[in-house]
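Chemist: This structure is in structure tokens; I'll ask about it shortly.
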Protein chains: 2
Amino acid sequence: MPRPRQPRLTRQLIVDTATALIDAEGLPAFSTRRLAAELGVRGPSLYNHFATKDEILDAVADTVTGAVDTSGFASRDWVAALRDWAWSYRRALTAHPNIVPYLAQGPGRRPAALAMADAVYGGLVRAGWPPARATHIGAALRYFVAGSALGSFARGFVEEPELYAAHYPHLRDAHRLAEHQQSVDEGAFALGLDALLHGLTAEYARTVGPVESARPSG
Amino acid sequence: MPRPRQPRLTRQLIVDTATALIDAEGLPAFSTRRLAAELGVRGPSLYNHFATKDEILDAVADTVTGAVDTSGFASRDWVAALRDWAWSYRRALTAHPNIVPYLAQGPGRRPAALAMADAVYGGLVRAGWPPARATHIGAALRYFVAGSALGSFARGFVEEPELYAAHYPHLRDAHRLAEHQQSVDEGAFALGLDALLHGLTAEYARTVGPVESARPSG
DNA sequence: GCGGCAAAACTTACACCGCTAGTTTAAGGG
DNA sequence: CCCTTAAACTAGCGGTGTAAGTTTTGCCGC
């Protein structure tokens, strides 16, 4: 089957299908042949549109990151902007949890990740944070969000109470975590984010100056 | 070459060699055949000692997690214990950064991870935190530590200034991040951890009661 | 209109992957 | 001493990413 009348593949179509496949079956199940099959095509054909498998994954990761909203840094005080950004970031990642392990490994050359870092850094510097501090804050929040989307603390537990009861006295009810997975993860995220922002507000007051444009809501 | 006079493989030897191999060449380079070659053996021989490749990786991950020190929860106030634990946790992970993406995916059945979770949870509950809060705090800190060890914000940047200058105005000096990688990551971690603990201290005073045994150091 | 070139699919193939099955020999217990 | 078990082996299956070369189509310039 040679070149068809109308191309069957597009970068966009490949990325969309790859995203759906990863969402549905996980990263390990994502292979070039499997993806090609999903597209009604033969595997190597993908290489007419992407140079490597990683390039496809980068495109998927970039699309996911592109959904993050950083507009708050242009309109709100820095605390509110950080909060909005962190939640938007988390939502974007948890919408496609299976790609997170790949995505989490450095902003690299991915345009959307760089644009995001740029917006955050710029917003914090504009708010009065020293550049080095702005870098640290952006990184720290990134750690927290990525960790929360990746680790899914609760998901790791297993439905076998006796596994825990014997050896881990305090985790007697750990198996229950699996039931309330989402609420545990979201609760931990909300608590941690509030604590982080609270601490940053105090740090701001101490080192930058009295809180003016910063109106902490927590 | 049949059964040798003296076994050439041990679970311990396999785990140690696997750890060294992953440290030296990264997760993708870690294959059963490659590991076997490193051990002077033929690949399938590993399956006399481990059922699957993942079981080997779990053992490596468990060894890494086992190096985390949670003793502070038995002797110090909860804030100091959390701080010590978080730093120890981070040191354990950054000592073997290549295994982190695997390790980060849920505490699962790995004994060391469960023991760690148990110690943290128990310590927080003993300090007066409500159980649900204790779970959230442990998870939040885990997110932060795992994210910091995984993402290595700075490592992601590339040594090509012109890549950033054009499109990301605030990241003009982003390529310099690669130079100061370790200090940026550690600084971000220190800042974030202090902010988190500061916020948790405030939360404790507000919801649990006046700070008594808690003696925040930040 | 037509020749030629680029595009986009194809087939084939390589080296590697995790893992299974069956084989061989040595070690150790009854 | 036999017999089970352990621990290595070889062979091989189905799958992986990707390189190379083939074929047909669409399109652009003459």
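Chain identifiers are assigned as A, B, and so on, following the order in which chains appear in the structure tokens; residues are numbered from 1 within each chain, and ligands are numbered from 1 in order of appearance.
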What residues in chain C lie within 7 Å of chain B, counting only C-alpha atoms (C1' of nucleotides), written as a PyMOL selection string?
Modeler: chain C and resi 24-26
Chemist: How close does chain A get to chain B? List, as a tab-separated table, each residue of chain A within 8 Å, its nearest atom pair and the distance in Å to one decimal, counting only C-alpha atoms.
Modeler:
```
residue	atom	partner	partner_atom	distance
A:Pro101	CA	B:Pro101	CA	6.3
A:Ala104	CA	B:Gly151	CA	5.4
A:Gln105	CA	B:Gly151	CA	4.9
A:Gly106	CA	B:Gly156	CA	3.9
A:Pro107	CA	B:Gly156	CA	5.1
A:Gly108	CA	B:Gly156	CA	4.3
A:Arg109	CA	B:Phe157	CA	7.3
A:Leu114	CA	B:Tyr168	CA	7.2
A:Ala115	CA	B:Tyr168	CA	6.3
A:Ala117	CA	B:Leu171	CA	7.9
A:Asp118	CA	B:His170	CA	5.5
A:Ala119	CA	B:His170	CA	7.7
A:Tyr121	CA	B:His170	CA	6.7
A:Gly122	CA	B:His170	CA	5.6
A:Thr135	CA	B:Ala188	CA	7.6
A:His136	CA	B:Ala188	CA	4.1
A:Ile137	CA	B:Ala188	CA	6.3
A:Ala139	CA	B:Phe153	CA	6.0
A:Ala140	CA	B:Ala188	CA	5.3
A:Leu141	CA	B:Gly192	CA	7.6
A:Arg142	CA	B:Gly147	CA	7.5
A:Tyr143	CA	B:Gly147	CA	4.0
A:Phe144	CA	B:Phe144	CA	4.3
A:Val145	CA	B:Tyr143	CA	7.4
A:Ala146	CA	B:Gly147	CA	5.5
A:Gly147	CA	B:Tyr143	CA	4.1
A:Ser148	CA	B:Tyr143	CA	4.9
A:Leu150	CA	B:Gln105	CA	6.5
A:Gly151	CA	B:Gln105	CA	4.9
A:Ser152	CA	B:Gly106	CA	6.3
A:Phe153	CA	B:Gly106	CA	5.5
A:Ala154	CA	B:Gly106	CA	7.3
A:Arg155	CA	B:Gly106	CA	6.3
A:Gly156	CA	B:Gly106	CA	3.8
A:Phe157	CA	B:Gly108	CA	5.1
A:Val158	CA	B:Gly108	CA	6.7
A:Tyr168	CA	B:Asp118	CA	5.8
A:Pro169	CA	B:Asp118	CA	7.2
A:His170	CA	B:Asp118	CA	5.5
A:Leu171	CA	B:Asp118	CA	5.7
A:Val184	CA	B:His136	CA	6.8
A:Asp185	CA	B:Ala139	CA	7.6
A:Gly187	CA	B:His136	CA	6.3
A:Ala188	CA	B:His136	CA	4.1
A:Phe189	CA	B:Ala140	CA	6.1
A:Leu191	CA	B:His136	CA	7.0
A:Gly192	CA	B:Ala140	CA	5.3
A:Asp194	CA	B:Gly199	CA	7.2
A:Ala195	CA	B:Gly199	CA	3.8
A:Leu196	CA	B:Leu196	CA	4.4
A:Leu197	CA	B:Ala195	CA	7.3
A:His198	CA	B:Gly199	CA	5.1
A:Gly199	CA	B:Ala195	CA	3.8
A:Leu200	CA	B:Ala195	CA	5.6
A:Glu203	CA	B:Ala195	CA	7.7
```
Chemist: Just the number, please: distance in Å from C1' of DA15 (chain C) to C1' of DA19 (chain D), one decimal.
Modeler: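 Computed distance, C1' of DA15 (chain C) to C1' of DA19 (chain D), equals 11.2 Å.
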Chemist: Show me, as a list of chain:residue names, the residues that have an atom within 9 Å of Gly128 (chain B) when counting only C-alpha atoms (C1' of nucleotides), minus same-chain residues fewer than 6 positions from it.
Modeler: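 Using only C-alpha atoms (C1' of nucleotides), the neighbours found are B:Tyr204, B:Val208, B:Gly209.
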Chemist: Kindly save the residues from that selection, with C-alpha atoms included, as a PDB file, in the first residue's frame.
Modeler:
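Generated output (result-v3.pdb):
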```
ATOM      1  CA  TYR B 204      -1.380  23.364  63.803  1.00  0.00           C
ATOM      2  CA  VAL B 208      -4.992  21.533  66.996  1.00  0.00           C
ATOM      3  CA  GLY B 209      -4.103  23.875  69.758  1.00  0.00           C
TER       4      GLY B 209
END
```
Chemist: List as a Markdown table every residue of chain D that is in contact with chain A, defined as an atom at most 7 Å from one of its atoms (using only C-alpha atoms (C1' of nucleotides)), together with the nearest atom pair and the distance in Å rounded to one decimal, sorted by chain and then rising number.
Modeler:
```
| residue | atom | partner | partner_atom | distance |
| --- | --- | --- | --- | --- |
| D:DT23 | C1' | A:Pro2 | CA | 5.6 |
| D:DT24 | C1' | A:Pro2 | CA | 4.9 |
| D:DT25 | C1' | A:Arg3 | CA | 5.3 |
```
Chemist: Suppose we keep N, CA and C atoms (P, O5', C5', C4', C3', O3' and C1' of nucleotides); can you now write the selection as an mmCIF file, in the first residue's frame?
Modeler:
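Saved file part_32.cif follows:
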```cif
data_model
loop_
_atom_site.group_PDB
_atom_site.id
_atom_site.type_symbol
_atom_site.label_atom_id
_atom_site.label_comp_id
_atom_site.auth_asym_id
_atom_site.auth_seq_id
_atom_site.Cartn_x
_atom_site.Cartn_y
_atom_site.Cartn_z
ATOM 1 P P DT D 23 9.763 -1.683 -6.263
ATOM 2 O "O5'" DT D 23 8.402 -0.913 -5.983
ATOM 3 C "C5'" DT D 23 7.444 -1.500 -5.119
ATOM 4 C "C4'" DT D 23 6.300 -0.516 -4.907
ATOM 5 C "C3'" DT D 23 5.782 0.125 -6.198
ATOM 6 O "O3'" DT D 23 4.381 0.042 -6.206
ATOM 7 C "C1'" DT D 23 6.257 1.777 -4.594
ATOM 8 P P DT D 24 3.590 -0.060 -7.592
ATOM 9 O "O5'" DT D 24 2.628 1.205 -7.488
ATOM 10 C "C5'" DT D 24 1.732 1.267 -6.392
ATOM 11 C "C4'" DT D 24 1.594 2.705 -5.962
ATOM 12 C "C3'" DT D 24 0.978 3.635 -7.018
ATOM 13 O "O3'" DT D 24 -0.258 4.049 -6.502
ATOM 14 C "C1'" DT D 24 2.754 4.661 -5.831
ATOM 15 P P DT D 25 -1.366 4.619 -7.478
ATOM 16 O "O5'" DT D 25 -1.515 6.116 -6.934
ATOM 17 C "C5'" DT D 25 -1.679 6.332 -5.528
ATOM 18 C "C4'" DT D 25 -1.133 7.699 -5.197
ATOM 19 C "C3'" DT D 25 -1.714 8.823 -6.045
ATOM 20 O "O3'" DT D 25 -2.655 9.519 -5.236
ATOM 21 C "C1'" DT D 25 0.634 9.076 -5.630
#
```
Chemist: Quick one: residues within 12 Å of DA13 (chain C), only C-alpha atoms (C1' of nucleotides) counted, chain neighbours fewer than 5 positions away excluded, as a list in words?
Modeler: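 Near neighbours after the sequence-gap exclusion: DT18, DA19, DA20 and DG21 of chain D.
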Chemist: Let's see if you can do this: from backbone DSSP, list all alpha helix (DSSP H) residues in region 5-94 of chain A, as number ranges by chain.
Modeler: A: 11-25, 32-38, 53-66, 72-75, 78-94
Chemist: Restricting the calculation to only C-alpha atoms (C1' of nucleotides), which member of A:Ser45, A:Ile56, A:Thr19, A:Leu27 is positioned closest to DA7 (chain C)?
Modeler: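 Of A:Ser45, A:Ile56, A:Thr19, A:Leu27, the one nearest DA7 (chain C) is A:Ser45, counting only C-alpha atoms (C1' of nucleotides).
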Chemist: Identify, on the basis of only C-alpha atoms (C1' of nucleotides), every residue whose closest approach to Arg34 (chain B) does not exceed 12 Å; exclude the query and any residue fewer than 6 positions from it along the same chain; express the result as a list in words.
Modeler: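 The residues satisfying every condition are Ile14, Thr17, Ala18, Leu21, Ile22, Glu25, Leu27, Pro28, Gly40, Val41, Arg42, Gly43, Pro44, Leu46 and Lys53 of chain B; DC16 and DC17 of chain C.
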Chemist: For CA of Gln181 (chain A) and CA of Thr207 (chain B), quote the distance in Å rounded to one decimal.
Modeler: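 Straight-line distance from CA of Gln181 (chain A) to CA of Thr207 (chain B) works out to 24.1 Å.
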Chemist: Please provide the set of residues having any atom within 12 Å of Val15 (chain B), restricted to only C-alpha atoms (C1' of nucleotides), with same-chain residues fewer than 6 positions apart removed, written as a PyMOL selection string.
Modeler: chain B and resi 9+21-22+32+35-36+38-39+46+49-50+53-64
Chemist: Take the selection from the previous step and output its residues with N, CA, C and O atoms, as an mmCIF file, in the first residue's frame.
Modeler:
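Final output, part.cif:
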```
data_model
loop_
_atom_site.group_PDB
_atom_site.id
_atom_site.type_symbol
_atom_site.label_atom_id
_atom_site.label_comp_id
_atom_site.auth_asym_id
_atom_site.auth_seq_id
_atom_site.Cartn_x
_atom_site.Cartn_y
_atom_site.Cartn_z
ATOM 1 N N LEU B 9 25.243 -16.051 41.729
ATOM 2 C CA LEU B 9 24.271 -14.977 41.965
ATOM 3 C C LEU B 9 23.656 -15.066 43.352
ATOM 4 O O LEU B 9 23.468 -16.155 43.895
ATOM 5 N N LEU B 21 24.323 -0.247 38.156
ATOM 6 C CA LEU B 21 24.096 -0.109 36.713
ATOM 7 C C LEU B 21 23.125 1.022 36.414
ATOM 8 O O LEU B 21 23.348 1.837 35.503
ATOM 9 N N ILE B 22 22.058 1.092 37.180
ATOM 10 C CA ILE B 22 21.075 2.155 36.980
ATOM 11 C C ILE B 22 21.693 3.513 37.294
ATOM 12 O O ILE B 22 21.475 4.489 36.575
ATOM 13 N N THR B 32 17.542 -6.848 31.564
ATOM 14 C CA THR B 32 17.953 -8.073 32.259
ATOM 15 C C THR B 32 19.244 -8.642 31.654
ATOM 16 O O THR B 32 20.120 -9.098 32.377
ATOM 17 N N LEU B 35 22.183 -6.465 32.738
ATOM 18 C CA LEU B 35 22.508 -6.711 34.139
ATOM 19 C C LEU B 35 23.217 -8.056 34.285
ATOM 20 O O LEU B 35 24.220 -8.174 34.990
ATOM 21 N N ALA B 36 22.700 -9.049 33.597
ATOM 22 C CA ALA B 36 23.316 -10.377 33.664
ATOM 23 C C ALA B 36 24.764 -10.328 33.176
ATOM 24 O O ALA B 36 25.654 -10.906 33.799
ATOM 25 N N GLU B 38 26.738 -7.919 33.298
ATOM 26 C CA GLU B 38 27.524 -7.259 34.342
ATOM 27 C C GLU B 38 27.891 -8.270 35.443
ATOM 28 O O GLU B 38 28.906 -8.117 36.115
ATOM 29 N N LEU B 39 27.065 -9.275 35.593
ATOM 30 C CA LEU B 39 27.269 -10.267 36.646
ATOM 31 C C LEU B 39 27.990 -11.511 36.121
ATOM 32 O O LEU B 39 28.159 -12.498 36.844
ATOM 33 N N LEU B 46 18.906 -14.836 35.927
ATOM 34 C CA LEU B 46 18.343 -13.956 36.941
ATOM 35 C C LEU B 46 17.002 -14.476 37.441
ATOM 36 O O LEU B 46 16.622 -14.232 38.589
ATOM 37 N N HIS B 49 16.273 -16.165 40.676
ATOM 38 C CA HIS B 49 16.306 -15.417 41.932
ATOM 39 C C HIS B 49 15.188 -14.366 42.027
ATOM 40 O O HIS B 49 14.787 -13.995 43.116
ATOM 41 N N PHE B 50 14.720 -13.911 40.895
ATOM 42 C CA PHE B 50 13.620 -12.947 40.865
ATOM 43 C C PHE B 50 12.625 -13.392 39.800
ATOM 44 O O PHE B 50 13.030 -13.885 38.748
ATOM 45 N N LYS B 53 11.455 -8.695 36.047
ATOM 46 C CA LYS B 53 12.327 -7.524 36.083
ATOM 47 C C LYS B 53 11.833 -6.512 37.115
ATOM 48 O O LYS B 53 12.623 -5.922 37.850
ATOM 49 N N ASP B 54 10.532 -6.330 37.157
ATOM 50 C CA ASP B 54 9.975 -5.372 38.106
ATOM 51 C C ASP B 54 10.295 -5.751 39.547
ATOM 52 O O ASP B 54 10.449 -4.882 40.399
ATOM 53 N N GLU B 55 10.380 -7.041 39.793
ATOM 54 C CA GLU B 55 10.706 -7.453 41.158
ATOM 55 C C GLU B 55 12.126 -7.009 41.522
ATOM 56 O O GLU B 55 12.400 -6.636 42.666
ATOM 57 N N ILE B 56 13.000 -7.039 40.560
ATOM 58 C CA ILE B 56 14.359 -6.531 40.794
ATOM 59 C C ILE B 56 14.305 -5.036 41.063
ATOM 60 O O ILE B 56 14.915 -4.535 42.014
ATOM 61 N N LEU B 57 13.563 -4.332 40.230
ATOM 62 C CA LEU B 57 13.459 -2.882 40.411
ATOM 63 C C LEU B 57 12.823 -2.541 41.755
ATOM 64 O O LEU B 57 13.231 -1.577 42.409
ATOM 65 N N ASP B 58 11.837 -3.332 42.154
ATOM 66 C CA ASP B 58 11.227 -3.087 43.457
ATOM 67 C C ASP B 58 12.257 -3.251 44.567
ATOM 68 O O ASP B 58 12.266 -2.476 45.530
ATOM 69 N N ALA B 59 13.084 -4.267 44.430
ATOM 70 C CA ALA B 59 14.105 -4.494 45.461
ATOM 71 C C ALA B 59 15.088 -3.330 45.500
ATOM 72 O O ALA B 59 15.491 -2.884 46.583
ATOM 73 N N VAL B 60 15.470 -2.835 44.332
ATOM 74 C CA VAL B 60 16.356 -1.673 44.295
ATOM 75 C C VAL B 60 15.677 -0.482 44.964
ATOM 76 O O VAL B 60 16.252 0.193 45.825
ATOM 77 N N ALA B 61 14.439 -0.245 44.586
ATOM 78 C CA ALA B 61 13.699 0.888 45.133
ATOM 79 C C ALA B 61 13.568 0.754 46.645
ATOM 80 O O ALA B 61 13.690 1.733 47.391
ATOM 81 N N ASP B 62 13.326 -0.456 47.099
ATOM 82 C CA ASP B 62 13.159 -0.654 48.532
ATOM 83 C C ASP B 62 14.462 -0.400 49.279
ATOM 84 O O ASP B 62 14.455 0.175 50.372
ATOM 85 N N THR B 63 15.555 -0.805 48.687
ATOM 86 C CA THR B 63 16.850 -0.533 49.318
ATOM 87 C C THR B 63 17.085 0.967 49.431
ATOM 88 O O THR B 63 17.531 1.470 50.473
ATOM 89 N N VAL B 64 16.770 1.681 48.362
ATOM 90 C CA VAL B 64 16.945 3.133 48.386
ATOM 91 C C VAL B 64 16.070 3.752 49.476
ATOM 92 O O VAL B 64 16.534 4.558 50.290
#
```
